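A short worksheet on the structure shown next.
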Amino acid sequence: MTEKKSTSAWWSGLSERERYMVAGLGIWFGLLFPAVGVYFFQQSLGETEVEIAAYKDALTTMAQYGPDYIEAKQAAGASKGKEGDKFSKEVMSKNTLALTSFVADHASAVDIKIDNYDENTIPKSGGKDGGPIITEKELRIEIRMAKVAKIMELLDRIDKSSEPVVIKRINLRDVRKNPGNARATISISTYTLQEQEG
């Protein structure tokens, strides 16, 4: 009750001009809060749209260049028998390939800058029951921006190499501000084999 009276007394104590100003301030805040809410909603929506566009670009790139790469890989696979098995026991047991240098040389040949190399060793077989010890050496590379044609050329060179390597994963995304360019993350692996002693 006291609170009502004090509010009433405060209101009646204001001049007509001050009452208009307080009422105007109330209306202004009443409009401001919904506007702020709408602004943040639109910001969130904008970020979601950018993300969706990036995924669409990636799918477009893969749809455009993927079939050519698969066709080339299948054609190379058909002639692979004549070249000998790159992953034979003999080849894997003598494999001393340095993946980082191998990829760097091929990237340099097609004028591509590799922005990040991340190498990892993964045991594939521990040599149980007297079997051989097989180890996978995986290299993950990141290319921030390069012509799609050059990336395809790099993949082709790696795939057709006589070295015991395999391209495990490819992730391409268009660079929207630079048409014809893409961002790529590629994983390449090689394998070594070691016979158990005794």
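Within each chain, counting starts at residue 1; across the structure tokens, chains are named A, B, ... in the order shown, with ligands numbered 1 upward in that order.
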Excluding Lys168 in chain A and residues on its chain fewer than 2 positions from it, collect all residues at most 7 Å away from it, counting only C-alpha atoms, and give them as a list of chain:residue names.
->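 What passes the distance filter is A:Val166, A:Ser187, A:Ile188, A:Ser189.
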Print the selection's residues with C-alpha atoms to a file, as a PDB file, in the first residue's frame.
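Result file is part-v6.pdb:
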ATOM      1  CA  VAL A 166      47.087 -44.657 -50.460  1.00  0.00           C
ATOM      2  CA  SER A 187      44.900 -37.927 -45.471  1.00  0.00           C
ATOM      3  CA  ILE A 188      47.585 -40.116 -47.053  1.00  0.00           C
ATOM      4  CA  SER A 189      48.900 -43.374 -45.592  1.00  0.00           C
TER       5      SER A 189
END
Each residue of range 92-145 of chain A lying at most 12 Å from range 170-177 of chain A should get a row with its shortest atom-to-atom pair and the distance in Å to one decimal, counting only C-alpha atoms; could you produce that, ordered by chain and increasing number, as a tab-separated table?
residue	atom	partner	partner_atom	distance
A:Arg140	CA	A:Ile170	CA	9.8
A:Ile141	CA	A:Ile170	CA	9.9
A:Glu142	CA	A:Asn171	CA	9.6
A:Ile143	CA	A:Leu172	CA	9.5
A:Arg144	CA	A:Val175	CA	8.9
A:Met145	CA	A:Val175	CA	7.2
DSSP helix (DSSP H, G or I) selection over range 77-124 of chain A, as a short mmCIF file (atom, residue, chain, number, x, y, z; two decimals) with C-alpha atoms, in the first residue's frame:
data_model
loop_
_atom_site.label_atom_id
_atom_site.label_comp_id
_atom_site.auth_asym_id
_atom_site.auth_seq_id
_atom_site.Cartn_x
_atom_site.Cartn_y
_atom_site.Cartn_z
CA GLY A 77 43.75 -49.38 -61.02
CA ALA A 78 43.23 -51.32 -64.26
CA LYS A 80 48.24 -51.40 -61.72
CA GLY A 81 48.67 -55.14 -62.21
CA LYS A 82 51.34 -54.51 -64.83
CA GLU A 83 53.33 -52.31 -62.44
CA LYS A 89 55.01 -58.16 -48.33
CA GLU A 90 58.41 -57.47 -49.87
CA VAL A 91 57.67 -53.79 -50.61
CA MET A 92 56.17 -53.13 -47.16
CA SER A 93 59.09 -54.78 -45.36
CA LEU A 99 55.53 -39.16 -46.10
CA THR A 100 56.04 -35.45 -45.34
CA SER A 101 58.94 -35.13 -47.82
CA PHE A 102 57.09 -37.26 -50.38
CA VAL A 103 53.97 -35.05 -50.30
CA ALA A 104 56.01 -31.82 -50.11
CA ASP A 105 57.90 -32.78 -53.29
CA HIS A 106 54.67 -33.50 -55.21
CA ALA A 107 53.01 -30.31 -53.90
CA SER A 108 56.02 -28.28 -55.00
CA ALA A 109 55.87 -29.88 -58.46
#
For Lys150 in chain A, work out the shell of residues within 12 Å, counting only C-alpha atoms and skipping chain neighbours fewer than 2 positions away, then give it as a list of chain:residue names.
->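 So the residues in contact are A:Tyr65, A:His106, A:Ala107, A:Ser108, A:Ala109, A:Val110, A:Asp111, A:Ile112, A:Lys113, A:Ile143, A:Met145, A:Ala146, A:Lys147, A:Val148, A:Met152, A:Glu153, A:Leu154, A:Leu155, A:Asp156, A:Arg157, A:Gly180, A:Asn181, A:Ala182, A:Arg183, A:Ala184.
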Where in range 111-185 of chain A does DSSP assign strand (DSSP E), given as number ranges by chain?
-> A: 116-126, 133-147, 165-174, 181-185
Close residues, Thr135 in chain A itself excluded, 12 Å, only C-alpha atoms, min 2 positions apart in chain, as a PyMOL selection string | chain A and resi 92-93+95-96+120-127+132-133+137-138+189-195
Put those residues in a file: N, CA and C atoms, as a short mmCIF file (atom, residue, chain, number, x, y, z; two decimals), in the first residue's frame.
data_model
loop_
_atom_site.label_atom_id
_atom_site.label_comp_id
_atom_site.auth_asym_id
_atom_site.auth_seq_id
_atom_site.Cartn_x
_atom_site.Cartn_y
_atom_site.Cartn_z
N MET A 92 56.47 -53.68 -48.49
CA MET A 92 56.17 -53.13 -47.16
C MET A 92 57.29 -53.37 -46.16
N SER A 93 58.00 -54.48 -46.30
CA SER A 93 59.09 -54.78 -45.36
C SER A 93 60.31 -53.90 -45.61
N ASN A 95 59.90 -50.68 -46.78
CA ASN A 95 59.35 -49.32 -46.90
C ASN A 95 59.98 -48.36 -45.88
N THR A 96 60.71 -47.39 -46.36
CA THR A 96 61.30 -46.35 -45.49
C THR A 96 60.83 -44.96 -45.93
N ASN A 120 51.08 -39.15 -38.08
CA ASN A 120 50.66 -40.02 -36.98
C ASN A 120 51.02 -41.46 -37.30
N THR A 121 51.42 -42.24 -36.28
CA THR A 121 51.74 -43.66 -36.47
C THR A 121 50.67 -44.50 -35.77
N ILE A 122 50.09 -45.44 -36.52
CA ILE A 122 48.99 -46.25 -35.99
C ILE A 122 49.35 -47.74 -36.13
N PRO A 123 49.47 -48.46 -35.00
CA PRO A 123 49.72 -49.91 -35.10
C PRO A 123 48.49 -50.61 -35.68
N LYS A 124 48.68 -51.42 -36.71
CA LYS A 124 47.55 -52.13 -37.33
C LYS A 124 47.52 -53.60 -36.93
N SER A 125 48.70 -54.15 -36.65
CA SER A 125 48.78 -55.55 -36.24
C SER A 125 49.96 -55.69 -35.29
N GLY A 126 49.69 -56.24 -34.12
CA GLY A 126 50.74 -56.35 -33.09
C GLY A 126 51.60 -57.57 -33.21
N GLY A 127 51.42 -58.36 -34.25
CA GLY A 127 52.24 -59.54 -34.44
C GLY A 127 51.85 -60.70 -33.54
N PRO A 132 53.30 -61.04 -38.69
CA PRO A 132 54.11 -59.82 -38.85
C PRO A 132 53.51 -58.62 -38.11
N ILE A 133 54.35 -57.64 -37.81
CA ILE A 133 53.91 -56.39 -37.18
C ILE A 133 53.70 -55.38 -38.31
N LYS A 137 51.51 -45.44 -41.25
CA LYS A 137 51.96 -44.06 -41.04
C LYS A 137 51.01 -43.17 -41.83
N GLU A 138 50.29 -42.32 -41.12
CA GLU A 138 49.28 -41.47 -41.77
C GLU A 138 49.72 -40.01 -41.71
N SER A 189 48.27 -42.37 -46.46
CA SER A 189 48.90 -43.37 -45.59
C SER A 189 49.89 -44.24 -46.35
N THR A 190 50.88 -44.74 -45.60
CA THR A 190 51.79 -45.77 -46.10
C THR A 190 51.91 -46.82 -45.00
N TYR A 191 52.39 -48.02 -45.37
CA TYR A 191 52.41 -49.13 -44.41
C TYR A 191 53.78 -49.79 -44.39
N THR A 192 54.18 -50.21 -43.20
CA THR A 192 55.44 -50.96 -43.06
C THR A 192 55.13 -52.31 -42.42
N LEU A 193 55.95 -53.28 -42.76
CA LEU A 193 55.77 -54.63 -42.23
C LEU A 193 57.09 -55.10 -41.64
N GLN A 194 57.01 -55.68 -40.46
CA GLN A 194 58.22 -56.19 -39.80
C GLN A 194 57.95 -57.61 -39.29
N GLU A 195 58.78 -58.52 -39.74
CA GLU A 195 58.62 -59.90 -39.28
C GLU A 195 59.11 -60.04 -37.84
#
